[in-house]
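Pasted below: upload.cif, mmCIF, C-alpha atoms.
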```
data_query
#
loop_
_atom_site.group_PDB
_atom_site.id
_atom_site.type_symbol
_atom_site.label_atom_id
_atom_site.label_comp_id
_atom_site.auth_asym_id
_atom_site.auth_seq_id
_atom_site.Cartn_x
_atom_site.Cartn_y
_atom_site.Cartn_z
ATOM 1 C CA LEU R 70 136.131 -8.054 18.714
ATOM 2 C CA GLY R 71 135.487 -5.208 21.137
ATOM 3 C CA THR R 72 133.884 -1.789 20.788
ATOM 4 C CA PHE R 73 135.224 0.848 18.393
ATOM 5 C CA HIS R 74 136.084 3.973 20.342
ATOM 6 C CA ASN R 75 138.734 6.639 19.733
ATOM 7 C CA ASP R 76 139.007 5.085 16.219
ATOM 8 C CA TYR R 77 140.153 1.641 17.370
ATOM 9 C CA ALA R 78 138.624 -1.605 18.586
ATOM 10 C CA PRO R 79 140.404 -4.339 20.545
ATOM 11 C CA ALA R 80 140.405 -7.747 18.904
ATOM 12 C CA LYS R 81 141.744 -11.238 19.501
ATOM 13 C CA ILE R 82 143.243 -13.203 16.596
ATOM 14 C CA ASN R 83 144.860 -16.613 17.030
ATOM 15 C CA GLY R 84 145.051 -16.141 20.781
ATOM 16 C CA VAL R 85 146.762 -12.722 20.656
ATOM 17 C CA TYR R 86 145.132 -9.345 21.371
ATOM 18 C CA GLY R 87 145.707 -6.112 19.507
ATOM 19 C CA TYR R 88 143.684 -3.399 17.796
ATOM 20 C CA LEU R 89 141.854 -2.824 14.519
ATOM 21 C CA ASP R 90 141.304 0.547 12.902
ATOM 22 C CA LYS R 91 138.145 1.320 10.953
ATOM 23 C CA LYS R 92 139.699 -0.093 7.768
ATOM 24 C CA MET R 93 140.312 -3.324 9.719
ATOM 25 C CA LYS R 94 144.076 -2.845 9.674
ATOM 26 C CA GLU R 95 145.747 -4.904 12.407
ATOM 27 C CA ILE R 96 147.823 -2.856 14.872
ATOM 28 C CA HIS R 97 150.042 -3.960 17.769
ATOM 29 C CA PHE R 98 148.936 -7.554 18.085
ATOM 30 C CA GLU R 99 151.247 -8.258 21.008
ATOM 31 C CA TYR R 100 149.098 -8.440 24.142
ATOM 32 C CA GLU R 101 147.577 -11.116 26.362
ATOM 33 C CA TYR R 102 144.567 -8.809 26.694
ATOM 34 C CA ALA R 103 143.577 -5.433 25.261
ATOM 35 C CA GLY R 104 140.759 -3.238 26.543
ATOM 36 C CA CYS R 105 138.702 -0.584 24.793
ATOM 37 C CA PHE R 106 139.816 3.024 24.491
ATOM 38 C CA ALA R 107 137.970 5.704 26.458
ATOM 39 C CA ASN R 108 139.215 9.285 26.641
ATOM 40 C CA GLY R 109 142.328 8.145 24.806
ATOM 41 C CA LEU R 110 143.307 5.410 27.295
ATOM 42 C CA ALA R 111 143.071 1.613 27.305
ATOM 43 C CA ALA R 112 144.260 -1.180 29.595
ATOM 44 C CA VAL R 113 146.555 -3.872 28.142
ATOM 45 C CA LYS R 114 148.215 -6.974 29.580
ATOM 46 C CA LYS R 115 151.577 -8.495 28.695
ATOM 47 C CA ASP R 116 153.663 -11.147 30.472
ATOM 48 C CA GLY R 117 151.122 -11.302 33.278
ATOM 49 C CA LYS R 118 151.230 -7.577 34.082
ATOM 50 C CA TRP R 119 148.971 -4.654 33.187
ATOM 51 C CA ALA R 120 149.640 -1.181 31.792
ATOM 52 C CA VAL R 121 147.684 1.708 30.296
ATOM 53 C CA ILE R 122 148.400 2.944 26.772
ATOM 54 C CA ASN R 123 147.135 5.976 24.859
ATOM 55 C CA SER R 124 145.511 6.047 21.430
ATOM 56 C CA SER R 125 148.929 6.654 19.838
ATOM 57 C CA PHE R 126 149.880 3.236 21.303
ATOM 58 C CA GLU R 127 152.397 4.788 23.668
ATOM 59 C CA ASN R 128 152.751 3.536 27.224
ATOM 60 C CA VAL R 129 151.180 5.912 29.735
ATOM 61 C CA THR R 130 152.356 3.604 32.529
ATOM 62 C CA GLY R 131 154.782 0.741 32.737
ATOM 63 C CA PHE R 132 153.587 -2.848 32.994
ATOM 64 C CA ASP R 133 153.554 -2.447 36.742
ATOM 65 C CA PHE R 134 150.057 -3.507 37.754
ATOM 66 C CA ASP R 135 148.492 -6.780 38.831
ATOM 67 C CA GLU R 136 145.017 -5.573 37.835
ATOM 68 C CA ILE R 137 143.315 -2.602 36.191
ATOM 69 C CA LEU R 138 139.601 -2.246 36.902
ATOM 70 C CA MET R 139 137.404 -2.355 33.786
ATOM 71 C CA ASP R 140 133.684 -2.438 33.160
ATOM 72 C CA GLU R 141 131.881 -5.245 31.357
ATOM 73 C CA TYR R 142 132.723 -3.666 27.990
ATOM 74 C CA GLY R 143 136.470 -3.395 28.649
ATOM 75 C CA PHE R 144 136.646 0.348 29.437
ATOM 76 C CA CYS R 145 138.917 1.417 32.298
ATOM 77 C CA SER R 146 138.886 5.224 31.921
ATOM 78 C CA THR R 147 135.346 6.293 31.046
ATOM 79 C CA TYR R 148 135.597 9.160 33.542
ATOM 80 C CA ASN R 149 139.207 10.219 32.798
ATOM 81 C CA VAL R 150 140.767 8.303 35.711
ATOM 82 C CA PHE R 151 141.464 4.622 36.362
ATOM 83 C CA PHE R 152 141.927 2.277 39.312
ATOM 84 C CA ALA R 153 144.872 -0.131 39.332
ATOM 85 C CA ARG R 154 146.140 -2.678 41.831
ATOM 86 C CA GLN R 155 149.715 -3.407 42.870
ATOM 87 C CA GLY R 156 149.862 -6.421 45.146
ATOM 88 C CA ASP R 157 146.982 -6.046 47.596
ATOM 89 C CA ASN R 158 146.661 -2.280 47.209
ATOM 90 C CA TYR R 159 144.407 -0.243 44.884
ATOM 91 C CA TYR R 160 145.209 3.303 43.769
ATOM 92 C CA LEU R 161 143.533 5.938 41.591
ATOM 93 C CA TYR R 162 145.492 7.349 38.626
ATOM 94 C CA ASP R 163 144.909 10.327 36.348
ATOM 95 C CA LYS R 164 145.165 10.422 32.530
ATOM 96 C CA GLU R 165 148.926 10.981 32.710
ATOM 97 C CA GLY R 166 149.377 7.834 34.800
ATOM 98 C CA LYS R 167 150.076 9.769 38.012
ATOM 99 C CA CYS R 168 148.864 8.248 41.269
ATOM 100 C CA ILE R 169 146.423 10.703 42.889
ATOM 101 C CA SER R 170 145.041 8.758 45.846
ATOM 102 C CA GLU R 171 145.901 7.017 49.052
ATOM 103 C CA THR R 172 145.963 3.221 49.390
ATOM 104 C CA PHE R 173 142.741 1.195 49.362
ATOM 105 C CA GLU R 174 141.934 -2.463 49.908
ATOM 106 C CA ASP R 175 139.346 -2.525 47.103
ATOM 107 C CA ALA R 176 137.569 -0.122 44.765
ATOM 108 C CA LYS R 177 134.534 0.155 42.494
ATOM 109 C CA LEU R 178 134.613 1.915 39.124
ATOM 110 C CA PHE R 179 133.216 5.419 38.844
ATOM 111 C CA ALA R 180 129.603 5.189 37.647
ATOM 112 C CA SER R 181 129.472 8.911 36.809
ATOM 113 C CA ASP R 182 131.424 12.085 37.575
ATOM 114 C CA GLU R 183 130.284 11.630 41.181
ATOM 115 C CA PRO R 184 132.157 9.818 43.993
ATOM 116 C CA ALA R 185 133.318 6.210 43.698
ATOM 117 C CA ALA R 186 133.248 3.562 46.419
ATOM 118 C CA VAL R 187 136.546 2.432 47.965
ATOM 119 C CA LYS R 188 137.446 0.145 50.876
ATOM 120 C CA ARG R 189 139.803 0.687 53.796
ATOM 121 C CA ASP R 190 140.210 -1.265 57.055
ATOM 122 C CA GLY R 191 137.356 -3.544 56.046
ATOM 123 C CA LYS R 192 134.799 -0.755 55.507
ATOM 124 C CA TRP R 193 133.649 1.232 52.483
ATOM 125 C CA GLY R 194 133.559 4.975 51.857
ATOM 126 C CA PHE R 195 133.783 7.314 48.862
ATOM 127 C CA ILE R 196 136.384 9.373 46.984
ATOM 128 C CA SER R 197 136.206 12.072 44.323
ATOM 129 C CA GLN R 198 137.789 11.928 40.858
ATOM 130 C CA SER R 199 140.678 13.953 42.261
ATOM 131 C CA GLY R 200 141.353 11.179 44.790
ATOM 132 C CA GLU R 201 140.036 13.075 47.817
ATOM 133 C CA VAL R 202 138.411 10.965 50.535
ATOM 134 C CA LEU R 203 134.917 12.414 51.026
ATOM 135 C CA THR R 204 133.344 10.282 53.760
ATOM 136 C CA GLU R 205 134.306 8.129 56.684
ATOM 137 C CA PHE R 206 134.735 4.432 55.974
ATOM 138 C CA LYS R 207 131.676 2.934 57.658
ATOM 139 C CA TYR R 208 129.691 0.784 55.212
ATOM 140 C CA GLU R 209 129.802 -3.016 55.011
ATOM 141 C CA ASN R 210 129.796 -2.622 51.231
ATOM 142 C CA ALA R 211 128.867 0.115 48.769
ATOM 143 C CA ASP R 212 128.877 1.010 45.107
ATOM 144 C CA SER R 213 129.529 4.288 43.323
ATOM 145 C CA PHE R 214 127.329 7.387 43.112
ATOM 146 C CA SER R 215 125.255 8.393 40.109
ATOM 147 C CA LEU R 216 122.441 10.958 39.953
ATOM 148 C CA GLY R 217 123.262 11.769 43.584
ATOM 149 C CA TYR R 218 122.562 8.266 44.913
ATOM 150 C CA ALA R 219 124.682 5.235 45.809
ATOM 151 C CA PRO R 220 123.882 1.621 46.741
ATOM 152 C CA TYR R 221 125.038 0.524 50.198
ATOM 153 C CA TYR R 222 125.004 -2.850 51.945
ATOM 154 C CA GLU R 223 123.984 -3.660 55.495
ATOM 155 C CA LYS R 224 123.114 -6.948 57.218
ATOM 156 C CA GLY R 225 122.854 -8.929 53.997
ATOM 157 C CA LYS R 226 120.752 -6.483 51.965
ATOM 158 C CA TRP R 227 121.273 -3.475 49.691
ATOM 159 C CA GLY R 228 119.684 -0.053 50.067
ATOM 160 C CA CYS R 229 120.382 3.463 48.793
ATOM 161 C CA ILE R 230 121.872 6.649 50.287
ATOM 162 C CA ASP R 231 122.196 10.219 49.051
ATOM 163 C CA GLU R 232 125.403 12.281 48.988
ATOM 164 C CA LYS R 233 124.837 13.444 52.582
ATOM 165 C CA GLY R 234 124.606 9.831 53.769
ATOM 166 C CA ASN R 235 120.856 9.951 54.322
ATOM 167 C CA VAL R 236 119.174 6.582 53.825
ATOM 168 C CA LEU R 237 116.634 6.864 51.005
ATOM 169 C CA ILE R 238 115.918 3.154 50.599
ATOM 170 C CA GLN R 239 116.357 0.878 53.589
ATOM 171 C CA PRO R 240 118.415 -2.281 52.896
ATOM 172 C CA THR R 241 115.839 -4.368 51.046
ATOM 173 C CA PHE R 242 117.356 -5.851 47.889
ATOM 174 C CA ASP R 243 119.625 -8.840 47.330
ATOM 175 C CA THR R 244 121.548 -6.784 44.743
ATOM 176 C CA LEU R 245 121.389 -3.143 43.669
ATOM 177 C CA HIS R 246 123.465 -1.566 40.904
ATOM 178 C CA PRO R 247 124.371 2.128 40.503
ATOM 179 C CA PHE R 248 121.811 4.272 38.718
ATOM 180 C CA SER R 249 122.229 4.744 34.981
ATOM 181 C CA HIS R 250 122.050 8.224 33.471
ATOM 182 C CA ASN R 251 118.393 7.664 32.534
ATOM 183 C CA GLY R 252 117.448 7.084 36.178
ATOM 184 C CA TYR R 253 117.184 3.294 36.383
ATOM 185 C CA ALA R 254 119.046 0.947 38.728
ATOM 186 C CA LEU R 255 118.857 -2.824 38.285
ATOM 187 C CA ALA R 256 117.932 -4.653 41.492
ATOM 188 C CA GLU R 257 117.225 -8.237 42.495
ATOM 189 C CA LEU R 258 114.897 -9.463 45.229
ATOM 190 C CA ASN R 259 114.063 -13.091 45.965
ATOM 191 C CA GLY R 260 115.368 -14.204 42.579
ATOM 192 C CA SER R 261 113.337 -11.641 40.623
ATOM 193 C CA GLN R 262 114.999 -8.767 38.787
ATOM 194 C CA GLN R 263 113.402 -5.339 38.733
ATOM 195 C CA PHE R 264 114.288 -1.678 38.305
ATOM 196 C CA VAL R 265 114.449 1.046 40.908
ATOM 197 C CA VAL R 266 113.523 4.342 39.219
ATOM 198 C CA VAL R 267 114.443 7.904 40.202
ATOM 199 C CA THR R 268 111.428 10.207 39.939
ATOM 200 C CA ILE R 269 111.820 13.945 40.566
ATOM 201 C CA TYR R 270 108.767 15.853 41.713
ATOM 202 C CA GLU R 271 108.590 19.619 41.309
#
```
Please express what this file holds, its structure, as C-alpha cells.
Amino acid sequence: LGTFHNDYAPAKINGVYGYLDKKMKEIHFEYEYAGCFANGLAAVKKDGKWAVINSSFENVTGFDFDEILMDEYGFCSTYNVFFARQGDNYYLYDKEGKCISETFEDAKLFASDEPAAVKRDGKWGFISQSGEVLTEFKYENADSFSLGYAPYYEKGKWGCIDEKGNVLIQPTFDTLHPFSHNGYALAELNGSQQFVVVTIYE
C-alpha cells in the first residue's frame, strides 16, 4: 500500500497493482506497477512498458516508455514535470505529456522548483522545469538544486556548488544528497552519516 495523494493510494493485491480510494474501493487493478499521484499524475507499468495517467485514470501518455523516474515514495511528478526514458534516451515532459527537452543520457529528479541535473556526452549539467539547458555539461556527476545549492562530484568525492557554479564545499564527502526544504542534506564520510546544514547569516 502506497501513499494517499489526490484521493487515491496505489496498492498491490495478489500480485496486481491498482488504486484504492479513501473508502478502500478497488479501482483499475490492471498494472504491473502503479506509482503515487502528485499534481494529478502517476506512473504505471503494463506489459513491460510505462505510461503516465491522471487522477481520472485516463492515459496522459501511451505505454511508450522503458522507465519513468520516481522518488523513493513512488512519486514521478512532484514538481509538475516528469522524466521518462525511451531506449537509452531521457526526456522531460510536462503535465500534458508533451516532451519539452532535448535528449539526455541520464537525469536526476527535481529536488525543488530549481534546476535538475542531467547528463550529456558523459558530463552533467542542469536544466530548468521548462526544459531549458542552463549550464555547460562539465561535472563528473551532480544532483539537483534545492535552496540554491546542488551536490557535485569530482575525483571520487562530493561537494556543493551554488547556482552560479561557485564551489561552496570542496569535494569532501563519499555521498551528498540534495538539500531538503528545512535546510538539511544527508551526507556520508568514511562510513559515518551526518547532515550538512544551511545557515543564513544576516
So that I can check the surroundings of region 204-213 of chain R, please list as a ChimeraX atom specification every protein, DNA and RNA residue that reaches within 10 Å of it, counting only C-alpha atoms and ignoring chain neighbours fewer than 2 positions away. /R:176-196,201-202,215,217-230,232-234,245-248
Show me as JSON, numbers by chain the residues that reach within 7 Å of (148.4, 4.4, 30.6), counting all atoms listed in the file and using the file's own coordinates. {"R": [110, 111, 120, 121, 122, 123, 128, 129, 130, 165, 166]}
Atom-to-atom span, CA of Tyr159 (chain R) and CA of Trp119 (chain R), Å: 13.3 Å
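Taking all atoms listed in the file into account, Lys118 (chain R) lies nearest to R:Arg154 out of the set R:His97, R:Lys81, R:Lys92, R:Arg154.
Distance-wise, CA of Gln239 (chain R) and CA of Gln263 (chain R) end up 16.4 Å apart.
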Do you have the CA of Ala78 (chain R)-CA of Lys91 (chain R) distance handy?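 Those two atoms sit 8.2 Å apart.
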Taking (148.5, -5.2, 43.4) in the file's coordinates as the center, which residues reach within 7 Å of it, counting only C-alpha atoms, put as a PDB file with C-alpha atoms, in the coordinates of the input?
```
ATOM      1  CA  PHE R 134     150.057  -3.507  37.754  1.00  0.00           C
ATOM      2  CA  ASP R 135     148.492  -6.780  38.831  1.00  0.00           C
ATOM      3  CA  GLU R 136     145.017  -5.573  37.835  1.00  0.00           C
ATOM      4  CA  ARG R 154     146.140  -2.678  41.831  1.00  0.00           C
ATOM      5  CA  GLN R 155     149.715  -3.407  42.870  1.00  0.00           C
ATOM      6  CA  GLY R 156     149.862  -6.421  45.146  1.00  0.00           C
ATOM      7  CA  ASP R 157     146.982  -6.046  47.596  1.00  0.00           C
ATOM      8  CA  ASN R 158     146.661  -2.280  47.209  1.00  0.00           C
ATOM      9  CA  TYR R 159     144.407  -0.243  44.884  1.00  0.00           C
TER      10      TYR R 159
END
```
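Counting all atoms listed in the file, the residue from R:Tyr88, R:Phe151, R:Phe214, R:Phe242 that sits nearest to Ser124 (chain R) is R:Tyr88.
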All file atoms of region 72-77 of chain R boxed axis-aligned, 8 Å per side, centre plus edges, as AutoDock Vina command-line options:
```
--center_x 137.0 --center_y 2.4 --center_z 18.5 --size_x 22.3 --size_y 24.4 --size_z 20.6
```
Which residues come within 10 Å of Asp90 (chain R), counting only C-alpha atoms, excluding same-chain residues fewer than 5 positions away, as a PyMOL selection string? chain R and resi 73-79+95-96
Residues picked by the PyMOL selection byres ((chain R and resi 145) around 10) here, as a list in words? Gly104, Cys105, Phe106, Ala107, Asn108, Leu110, Ala111, Ala112, Val121, Ile137, Leu138, Met139, Asp140, Glu141, Tyr142, Gly143, Phe144, Ser146, Thr147, Tyr148, Asn149, Val150, Phe151, Phe152, Ala153, Leu178 and Phe179 of chain R
At a cut-off of 12 Å, using all atoms listed in the file, what residues contact Phe98 (chain R)? Leave out same-chain residues fewer than 2 positions from it and give the result as a list in words. Ala78, Pro79, Ala80, Lys81, Ile82, Asn83, Gly84, Val85, Tyr86, Gly87, Tyr88, Leu89, Lys94, Glu95, Ile96, Tyr100, Glu101, Tyr102, Ala103, Val113, Lys114, Lys115 and Phe126 of chain R
Output for the residues just chosen: C-alpha atoms as a JSON list (two decimals), keeping the file's coordinate frame:
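And here's out-v4.json as it stands now:
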```json
[["chain", "number", "residue", "atom", "x", "y", "z"],
["R", 78, "ALA", "CA", 138.62, -1.60, 18.59],
["R", 79, "PRO", "CA", 140.40, -4.34, 20.54],
["R", 80, "ALA", "CA", 140.40, -7.75, 18.90],
["R", 81, "LYS", "CA", 141.74, -11.24, 19.50],
["R", 82, "ILE", "CA", 143.24, -13.20, 16.60],
["R", 83, "ASN", "CA", 144.86, -16.61, 17.03],
["R", 84, "GLY", "CA", 145.05, -16.14, 20.78],
["R", 85, "VAL", "CA", 146.76, -12.72, 20.66],
["R", 86, "TYR", "CA", 145.13, -9.35, 21.37],
["R", 87, "GLY", "CA", 145.71, -6.11, 19.51],
["R", 88, "TYR", "CA", 143.68, -3.40, 17.80],
["R", 89, "LEU", "CA", 141.85, -2.82, 14.52],
["R", 94, "LYS", "CA", 144.08, -2.84, 9.67],
["R", 95, "GLU", "CA", 145.75, -4.90, 12.41],
["R", 96, "ILE", "CA", 147.82, -2.86, 14.87],
["R", 100, "TYR", "CA", 149.10, -8.44, 24.14],
["R", 101, "GLU", "CA", 147.58, -11.12, 26.36],
["R", 102, "TYR", "CA", 144.57, -8.81, 26.69],
["R", 103, "ALA", "CA", 143.58, -5.43, 25.26],
["R", 113, "VAL", "CA", 146.56, -3.87, 28.14],
["R", 114, "LYS", "CA", 148.22, -6.97, 29.58],
["R", 115, "LYS", "CA", 151.58, -8.49, 28.70],
["R", 126, "PHE", "CA", 149.88, 3.24, 21.30]]
```
Using the chain letters and numbers from the file, give me the residues hit by the PyMOL selection byres ((chain R and resi 171) around 8), as a short mmCIF file (atom, residue, chain, number, x, y, z; two decimals) with C-alpha atoms, in the coordinates of the input.
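Full text of result_16.cif as output:
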```cif
data_model
loop_
_atom_site.label_atom_id
_atom_site.label_comp_id
_atom_site.auth_asym_id
_atom_site.auth_seq_id
_atom_site.Cartn_x
_atom_site.Cartn_y
_atom_site.Cartn_z
CA TYR R 160 145.21 3.30 43.77
CA LEU R 161 143.53 5.94 41.59
CA ILE R 169 146.42 10.70 42.89
CA SER R 170 145.04 8.76 45.85
CA THR R 172 145.96 3.22 49.39
CA PHE R 173 142.74 1.20 49.36
CA GLY R 200 141.35 11.18 44.79
#
```
